[in-house]
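**Q** Structure file protein.txt (compact mmCIF, C-alpha atoms) is given on the next line.
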# COMPACT_ATOMS: atom_id res chain seq x y z
CA MET A 177 7.09 25.13 -13.29
CA ALA A 178 7.85 28.85 -13.12
CA GLU A 179 4.63 30.13 -11.57
CA ALA A 180 4.06 27.08 -9.33
CA ARG A 181 7.53 27.43 -7.83
CA ALA A 182 7.06 31.08 -6.94
CA VAL A 183 7.06 31.72 -3.20
CA GLN A 184 3.51 32.32 -1.98
CA PRO A 185 3.07 35.37 0.33
CA GLN A 186 2.53 33.29 3.50
CA PHE A 187 6.00 31.69 3.26
CA PRO A 188 9.26 33.51 4.06
CA THR A 189 11.34 31.22 1.81
CA LEU A 190 10.85 28.70 -0.99
CA GLU A 191 12.40 26.05 1.22
CA ARG A 192 9.73 26.59 3.90
CA GLN A 193 7.05 26.38 1.23
CA ASN A 194 8.45 23.08 -0.07
CA ASP A 195 8.56 21.69 3.47
CA ALA A 196 4.95 22.72 4.00
CA ASP A 197 3.94 21.01 0.73
CA HIS A 198 5.49 17.74 1.87
CA LEU A 199 4.07 18.11 5.39
CA GLY A 200 0.55 18.56 4.01
CA MET A 201 0.90 15.43 1.90
CA LEU A 202 2.18 13.37 4.85
CA ILE A 203 -0.75 14.49 7.05
CA PHE A 204 -3.14 13.48 4.27
CA LEU A 205 -1.42 10.08 3.98
CA ALA A 206 -1.78 9.57 7.75
CA THR A 207 -5.56 9.89 7.26
CA GLU A 208 -5.37 7.35 4.42
CA VAL A 209 -3.70 4.91 6.81
CA LEU A 210 -6.74 5.22 9.05
CA ILE A 211 -9.27 4.74 6.22
CA PHE A 212 -7.74 1.34 5.47
CA GLY A 213 -7.12 0.69 9.18
CA GLY A 214 -10.86 0.29 9.77
CA LEU A 215 -11.07 -2.43 7.13
CA PHE A 216 -8.10 -4.26 8.65
CA ALA A 217 -9.67 -4.06 12.13
CA ALA A 218 -12.81 -5.65 10.67
CA ALA A 219 -10.73 -8.39 9.02
CA PHE A 220 -8.86 -9.14 12.27
CA THR A 221 -12.15 -9.34 14.17
CA LEU A 222 -13.60 -11.74 11.62
CA ARG A 223 -10.45 -13.85 11.78
CA ILE A 224 -10.58 -14.06 15.60
CA GLU A 225 -14.31 -14.85 15.68
CA HIS A 226 -14.31 -17.41 12.86
CA SER A 227 -10.72 -18.66 12.50
CA ALA A 228 -11.52 -21.89 10.66
CA GLN A 229 -13.96 -20.38 8.15
CA TYR A 230 -11.65 -17.39 7.61
CA ALA A 231 -8.74 -19.70 6.76
CA MET A 232 -10.98 -21.76 4.48
CA ALA A 233 -12.16 -18.65 2.63
CA SER A 234 -8.58 -17.40 2.31
CA ARG A 235 -7.34 -20.76 0.96
CA ALA A 236 -9.91 -20.45 -1.84
CA MET A 237 -8.30 -17.19 -3.01
CA HIS A 238 -5.94 -17.15 -5.98
CA TYR A 239 -2.80 -16.40 -3.98
CA TRP A 240 -0.52 -16.51 -7.02
CA LEU A 241 -2.49 -13.72 -8.74
CA GLY A 242 -2.16 -11.66 -5.55
CA GLY A 243 1.54 -12.54 -5.39
CA ILE A 244 2.13 -11.42 -8.98
CA ASN A 245 0.31 -8.19 -8.19
CA THR A 246 2.45 -7.63 -5.08
CA ALA A 247 5.63 -8.00 -7.14
CA VAL A 248 4.20 -5.69 -9.82
CA LEU A 249 3.36 -2.95 -7.29
CA LEU A 250 6.70 -3.25 -5.46
CA THR A 251 8.55 -2.92 -8.77
CA SER A 252 6.38 0.04 -9.76
CA SER A 253 7.19 1.70 -6.43
CA ALA A 254 10.92 1.17 -7.02
CA LEU A 255 10.61 2.81 -10.46
CA VAL A 256 8.82 5.79 -8.89
CA ALA A 257 11.57 6.12 -6.25
CA LEU A 258 14.14 6.10 -9.10
CA MET A 259 12.00 8.70 -10.93
CA VAL A 260 12.31 11.11 -7.97
CA GLU A 261 16.09 10.58 -8.00
CA ALA A 262 16.17 11.32 -11.74
CA VAL A 263 14.14 14.53 -11.25
CA ARG A 264 16.57 15.69 -8.54
CA ALA A 265 19.52 14.94 -10.82
CA GLY A 266 17.93 17.11 -13.51
CA ARG A 267 17.29 14.19 -15.86
CA ALA A 268 13.70 14.99 -16.81
CA ARG A 269 13.71 12.71 -19.86
CA LEU A 270 14.84 9.66 -17.88
CA ALA A 271 12.24 10.54 -15.24
CA GLY A 272 9.61 10.47 -17.97
CA TRP A 273 10.58 6.94 -19.03
CA LEU A 274 10.62 5.72 -15.42
CA LEU A 275 7.15 7.24 -14.92
CA GLY A 276 5.96 5.46 -18.05
CA GLY A 277 7.24 2.15 -16.67
CA ALA A 278 5.62 2.73 -13.28
CA ILE A 279 2.29 3.65 -14.89
CA ALA A 280 2.42 0.60 -17.18
CA LEU A 281 2.96 -1.65 -14.13
CA GLY A 282 0.07 0.09 -12.34
CA LEU A 283 -2.16 -0.73 -15.31
CA VAL A 284 -0.93 -4.34 -15.24
CA PHE A 285 -1.95 -4.45 -11.56
CA LEU A 286 -5.47 -3.24 -12.40
CA GLY A 287 -5.66 -5.71 -15.31
CA VAL A 288 -4.74 -8.65 -13.06
CA LYS A 289 -7.23 -7.40 -10.45
CA VAL A 290 -10.08 -7.26 -12.98
CA THR A 291 -9.14 -10.75 -14.24
CA GLU A 292 -9.27 -11.99 -10.66
CA TYR A 293 -12.70 -10.43 -10.08
CA ALA A 294 -13.91 -12.14 -13.28
CA ILE A 295 -12.57 -15.51 -12.06
CA GLU A 296 -14.30 -15.00 -8.71
CA TYR A 297 -17.57 -14.17 -10.48
CA ARG A 298 -17.25 -17.39 -12.50
CA ASP A 299 -16.41 -19.34 -9.31
CA GLY A 300 -19.62 -18.06 -7.72
CA VAL A 301 -18.04 -16.42 -4.67
CA VAL A 302 -19.21 -12.83 -5.23
CA PRO A 303 -21.78 -11.84 -2.57
CA LYS A 304 -25.19 -10.79 -3.98
CA LEU A 305 -24.13 -11.09 -7.66
CA SER A 306 -23.03 -14.72 -7.99
CA ALA A 307 -23.20 -16.34 -4.59
CA ALA A 308 -23.69 -20.00 -5.58
CA ASN A 309 -20.55 -21.28 -3.88
CA LEU A 310 -20.46 -19.15 -0.74
CA HIS A 311 -20.36 -21.34 2.37
CA GLY A 312 -22.21 -19.56 5.14
CA GLY A 313 -22.07 -16.16 6.81
CA PRO A 314 -18.35 -15.86 7.62
CA HIS A 315 -17.39 -16.77 4.04
CA GLU A 316 -19.75 -14.12 2.72
CA LEU A 317 -18.38 -11.56 5.21
CA PHE A 318 -14.85 -12.45 4.13
CA MET A 319 -15.68 -11.93 0.46
CA GLU A 320 -17.45 -8.64 1.25
CA LEU A 321 -14.34 -7.48 3.10
CA TYR A 322 -12.23 -8.66 0.18
CA PHE A 323 -14.20 -6.63 -2.36
CA ALA A 324 -14.39 -3.59 -0.07
CA GLY A 325 -10.65 -3.72 0.69
CA THR A 326 -9.33 -4.48 -2.78
CA GLY A 327 -11.97 -2.25 -4.39
CA LEU A 328 -10.99 0.75 -2.25
CA HIS A 329 -7.36 -0.08 -2.95
CA ALA A 330 -8.00 -0.30 -6.71
CA LEU A 331 -9.64 3.13 -6.50
CA HIS A 332 -6.45 4.42 -4.86
CA VAL A 333 -4.33 2.78 -7.56
CA THR A 334 -6.44 4.59 -10.16
CA ILE A 335 -6.02 7.94 -8.39
CA GLY A 336 -2.28 7.25 -8.04
CA LEU A 337 -2.03 6.52 -11.77
CA CYS A 338 -3.76 9.85 -12.50
CA LEU A 339 -1.28 11.62 -10.19
CA LEU A 340 1.73 9.94 -11.82
CA GLY A 341 0.22 10.58 -15.25
CA SER A 342 -0.15 14.28 -14.41
CA LEU A 343 3.68 14.44 -14.21
CA LEU A 344 3.74 13.51 -17.90
CA TRP A 345 0.84 15.81 -18.76
CA PRO A 346 -0.27 18.51 -17.92
CA PHE A 347 2.43 19.05 -15.25
CA GLY A 348 5.34 17.72 -17.30
CA ARG A 349 7.36 20.76 -16.24
CA ALA A 350 7.34 19.38 -12.67
CA ARG A 351 9.97 16.90 -13.84
CA ARG A 352 12.37 19.79 -14.41
CA ASP A 353 11.84 21.11 -10.87
CA ARG A 354 14.98 19.83 -9.14
CA THR A 355 13.48 20.19 -5.65
CA ALA A 356 11.01 17.49 -6.80
CA VAL A 357 8.10 18.85 -4.73
CA LEU A 358 5.22 17.74 -6.95
CA ALA A 359 7.03 14.62 -8.20
CA GLY A 360 7.99 13.73 -4.61
CA ASN A 361 4.42 14.11 -3.34
CA ALA A 362 2.96 11.99 -6.16
CA ALA A 363 5.63 9.38 -5.34
CA LEU A 364 4.65 9.43 -1.63
CA TYR A 365 1.05 8.65 -2.56
CA TRP A 366 2.13 5.77 -4.79
CA HIS A 367 4.31 4.27 -2.04
CA LEU A 368 1.40 4.41 0.41
CA VAL A 369 -0.81 2.54 -2.08
CA ASP A 370 1.99 -0.04 -2.17
CA ILE A 371 2.11 -0.32 1.65
CA VAL A 372 -1.67 -0.90 1.83
CA TRP A 373 -1.33 -3.79 -0.60
CA VAL A 374 1.60 -5.23 1.39
CA PHE A 375 -0.89 -5.68 4.27
CA LEU A 376 -3.94 -6.63 2.20
CA TYR A 377 -2.02 -9.52 0.63
CA PRO A 378 -1.29 -11.59 3.78
CA THR A 379 -4.65 -10.60 5.31
CA LEU A 380 -6.77 -11.86 2.42
CA TYR A 381 -4.66 -14.38 0.51
CA LEU A 382 -2.22 -15.99 2.93
CA ALA A 383 -4.36 -16.83 5.99
CA ARG A 384 -4.21 -20.63 6.07
CA MET B 75 21.45 9.70 -8.80
CA LYS B 76 23.39 8.73 -5.67
CA ASN B 77 20.62 6.62 -4.16
CA VAL B 78 20.07 4.31 -7.15
CA ARG B 79 22.00 1.48 -5.56
CA ALA B 80 20.06 1.75 -2.29
CA ILE B 81 16.75 1.77 -4.17
CA LEU B 82 17.65 -1.33 -6.21
CA CYS B 83 18.85 -3.18 -3.08
CA THR B 84 15.60 -2.25 -1.31
CA TRP B 85 13.60 -3.53 -4.28
CA ALA B 86 15.50 -6.85 -4.24
CA ALA B 87 14.96 -7.16 -0.46
CA LEU B 88 11.23 -6.47 -0.87
CA LEU B 89 10.87 -9.21 -3.48
CA MET B 90 12.77 -11.65 -1.26
CA LEU B 91 10.45 -10.83 1.65
CA LEU B 92 7.48 -11.43 -0.67
CA ALA B 93 8.85 -14.89 -1.56
CA LEU B 94 9.42 -15.53 2.16
CA THR B 95 5.87 -14.59 3.14
CA ILE B 96 4.36 -16.83 0.44
CA GLY B 97 6.65 -19.68 1.49
CA ALA B 98 5.82 -19.20 5.18
CA SER B 99 2.08 -19.42 4.47
CA PHE B 100 2.61 -23.03 3.27
CA ALA B 101 4.76 -24.00 6.26
CA PRO B 102 2.98 -25.83 9.11
CA LEU B 103 3.02 -22.83 11.43
CA GLY B 104 -0.55 -23.06 12.66
CA PRO B 105 -1.55 -20.17 14.93
CA VAL B 106 1.93 -18.60 14.62
CA LEU B 107 1.39 -17.86 10.90
CA PRO B 108 -0.34 -14.44 11.34
CA PHE B 109 2.56 -13.27 13.51
CA VAL B 110 5.08 -14.33 10.85
CA SER B 111 2.99 -12.84 8.00
CA TYR B 112 2.53 -9.49 9.70
CA SER B 113 6.14 -9.31 10.90
CA ILE B 114 7.22 -9.66 7.27
CA ALA B 115 4.61 -7.07 6.18
CA ILE B 116 5.91 -4.66 8.84
CA ALA B 117 9.50 -5.26 7.66
CA LYS B 118 8.45 -4.49 4.06
CA THR B 119 6.63 -1.36 5.22
CA ALA B 120 9.69 -0.23 7.17
CA LEU B 121 11.84 -0.56 4.02
CA ILE B 122 9.31 1.33 1.87
CA VAL B 123 8.77 4.09 4.45
CA TRP B 124 12.44 4.55 5.33
CA LEU B 125 14.00 4.36 1.86
CA PHE B 126 11.30 4.83 -0.81
CA MET B 127 9.35 7.49 1.12
CA GLU B 128 12.68 8.96 2.24
CA MET B 129 11.81 9.17 5.93
CA LYS B 130 15.53 8.52 6.41
CA THR B 131 16.33 12.07 5.31
CA ARG B 132 13.18 13.95 6.37
CA ASP B 133 13.06 16.22 9.39
CA GLY B 134 11.38 15.34 12.68
CA LEU B 135 8.15 17.24 11.99
CA GLN B 136 7.53 15.37 8.74
CA ARG B 137 8.28 12.00 10.35
CA LEU B 138 5.92 12.86 13.21
CA ALA B 139 3.14 13.89 10.80
CA PHE B 140 3.29 10.55 9.02
CA ALA B 141 3.68 8.56 12.25
CA THR B 142 0.45 10.01 13.71
CA GLY B 143 -1.61 7.81 11.37
CA PHE B 144 0.06 4.69 12.76
CA VAL B 145 -0.29 5.90 16.36
CA TRP B 146 -4.08 6.19 15.98
CA LEU B 147 -4.11 2.86 14.15
CA PHE B 148 -2.35 1.35 17.18
CA PHE B 149 -5.13 2.70 19.47
CA LEU B 150 -7.79 1.29 17.15
CA PHE B 151 -6.21 -2.19 17.09
CA THR B 152 -5.44 -2.23 20.81
CA LEU B 153 -9.01 -1.37 21.80
CA THR B 154 -10.42 -3.83 19.24
CA PHE B 155 -8.26 -6.68 20.54
CA VAL B 156 -8.89 -5.81 24.20
CA ASP B 157 -12.55 -6.46 23.46
CA GLU B 158 -12.27 -9.40 21.06
CA LEU B 159 -9.59 -11.42 22.83
CA THR B 160 -11.08 -11.16 26.32
CA ARG B 161 -14.70 -12.05 25.56
CA SER B 162 -14.13 -15.73 26.39
CA TRP B 163 -12.89 -14.78 29.87
CA ILE B 164 -16.40 -13.89 30.97
CA GLY B 165 -18.03 -16.86 29.29
CA HIS B 166 -19.37 -15.05 26.22
Hey, can you dump this file as structure tokens for me?
**A**
Amino acid sequence: MAEARAVQPQFPTLERQNDADHLGMLIFLATEVLIFGGLFAAAFTLRIEHSAQYAMASRAMHYWLGGINTAVLLTSSALVALMVEAVRAGRARLAGWLLGGAIALGLVFLGVKVTEYAIEYRDGVVPKLSAANLHGGPHELFMELYFAGTGLHALHVTIGLCLLGSLLWPFGRARRDRTAVLAGNAALYWHLVDIVWVFLYPTLYLAR
Amino acid sequence: MKNVRAILCTWAALLMLLALTIGASFAPLGPVLPFVSYSIAIAKTALIVWLFMEMKTRDGLQRLAFATGFVWLFFLFTLTFVDELTRSWIGH
């Protein structure tokens, strides 16, 4: 990480530069909160306007698949938090294994998600593509919100996996940087993806 | 590796809150359920933000930068609900 850790001319010290790197990431994450916020506002509106149909649509969801995925993401987030600790302690090899575990769990999440989409296609509750069992407008709106929300989230999981993967290759040297700037920022992104799912789960699966 | 214990405890607490939120969704809570669900979600988020995202040890500027997203989110939700929840008052 020799050249990446060099102090750029606009910063008086390396410490200031590291702070700025984290600050930039946090500002970006604040905008991510708002991207998903719009979808949640739409979901709340739908729930207020059509409470009964919303609850009916939510009861038809496979809550146990969502629950498994929540546990998978929370565990993955814990591994990433441990990874940052390992990087700070100078244990790059351990950090690599923890990253591998976190990435594997992220892939499990996507696998479960794809399985769930396939089940929903078979059940005939996918708007436009297989809409045989959709009951009216609010149900269709709910499923559209579901695919928009979880689809956008799955895209973020994929980007997060690429970021975490980049700490194995090509930025493997970042794991030997004991200030954990790059590793810490990738971890922040992964935790935010986790937080979004923490809210998507009760919104879509647990409204009864 | 001084925070390992805190991270593992947080992880255990998060999984317990997950079990709680699933359990609560089957309880006969009626219209109170969303409040319970989202209280638990906010508790989980607080744990993740404070301990996993290390807001506990970050300086004020970094905390503020991250909090801005939630401040604007609060405006968005407030204005949405002010509209949605008061429509019936004027016989919509």
**Q** Please check the contacts: residues of chain A at most 8 Å away from chain B, using all atoms listed in the file, listed as a PyMOL selection string.
**A** chain A and resi 198-199+202-203+205-210+213+217+221+224-225+243+246-247+250-251+253-254+257-258+261-262+264-265+363-364+367+371+374-375+378+382-384
**Q** For stretch 306-313 of chain A, work out the shell of residues within 10 Å, counting only C-alpha atoms and skipping chain neighbours fewer than 2 positions away, then give it as a VMD selection string.
**A** chain A and resid 226 229 232 to 233 296 to 304 315 to 319
**Q** Nearest to A:Tyr381 among A:Phe216, A:Phe204, A:Tyr230, A:Trp273, with distances taken over all atoms listed in the file: which residue is it?
**A** A:Tyr230
**Q** What does the structure give for the distance between atom CA of A:Asp353 and atom CA of B:Lys130, in Å to one decimal?
**A** 21.7 Å
**Q** Please, what distance in Å, to one decimal, runs between atom CA of A:Asn361 and atom CA of A:Leu255?
**A**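 Calculated distance between atom CA of A:Asn361 and atom CA of A:Leu255 is 14.7 Å.
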**Q** Nearest to A:Ile244 among A:Leu275, A:Ile211, A:Val288, A:Ala218, with distances taken over all atoms listed in the file: which residue is it?
**A** A:Val288
**Q** Can you list, as a ChimeraX atom specification, every protein, DNA or RNA residue that comes within 8 Å of A:Val248 when you count all atoms listed in the file, leaving out same-chain residues fewer than 4 positions away?
**A** /A:244,252,281-282,284-285
**Q** Please report the interatomic distance between atom CA of B:Leu91 and atom CA of B:Val106 in Å with one decimal.
**A**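 Going from atom CA of B:Leu91 over to atom CA of B:Val106 covers 17.4 Å.
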**Q** Show which residues sit within 12 Å of A:Arg354, as a PDB file with C-alpha atoms, in the frame of the given file. Count all atoms listed in the file, and ignore same-chain residues fewer than 5 positions away.
**A**
ATOM      1  CA  MET A 177       7.090  25.130 -13.290  1.00  0.00           C
ATOM      2  CA  ARG A 181       7.530  27.430  -7.830  1.00  0.00           C
ATOM      3  CA  ASN A 194       8.450  23.080  -0.070  1.00  0.00           C
ATOM      4  CA  MET A 259      12.000   8.700 -10.930  1.00  0.00           C
ATOM      5  CA  VAL A 260      12.310  11.110  -7.970  1.00  0.00           C
ATOM      6  CA  GLU A 261      16.090  10.580  -8.000  1.00  0.00           C
ATOM      7  CA  ALA A 262      16.170  11.320 -11.740  1.00  0.00           C
ATOM      8  CA  VAL A 263      14.140  14.530 -11.250  1.00  0.00           C
ATOM      9  CA  ARG A 264      16.570  15.690  -8.540  1.00  0.00           C
ATOM     10  CA  ALA A 265      19.520  14.940 -10.820  1.00  0.00           C
ATOM     11  CA  GLY A 266      17.930  17.110 -13.510  1.00  0.00           C
ATOM     12  CA  ARG A 267      17.290  14.190 -15.860  1.00  0.00           C
ATOM     13  CA  ALA A 268      13.700  14.990 -16.810  1.00  0.00           C
ATOM     14  CA  ALA A 271      12.240  10.540 -15.240  1.00  0.00           C
ATOM     15  CA  ARG A 349       7.360  20.760 -16.240  1.00  0.00           C
ATOM     16  CA  ALA A 359       7.030  14.620  -8.200  1.00  0.00           C
ATOM     17  CA  GLY A 360       7.990  13.730  -4.610  1.00  0.00           C
TER      18      GLY A 360
END
**Q** Can you tell me, as AutoDock Vina command-line options, the centre and edge lengths (Å, one decimal) of the axis-aligned box enclosing all of stretch 93-108 of chain B's listed atoms after padding each side by 3 Å?
**A**
--center_x 3.9 --center_y -20.1 --center_z 6.7 --size_x 17.0 --size_y 17.4 --size_z 22.5
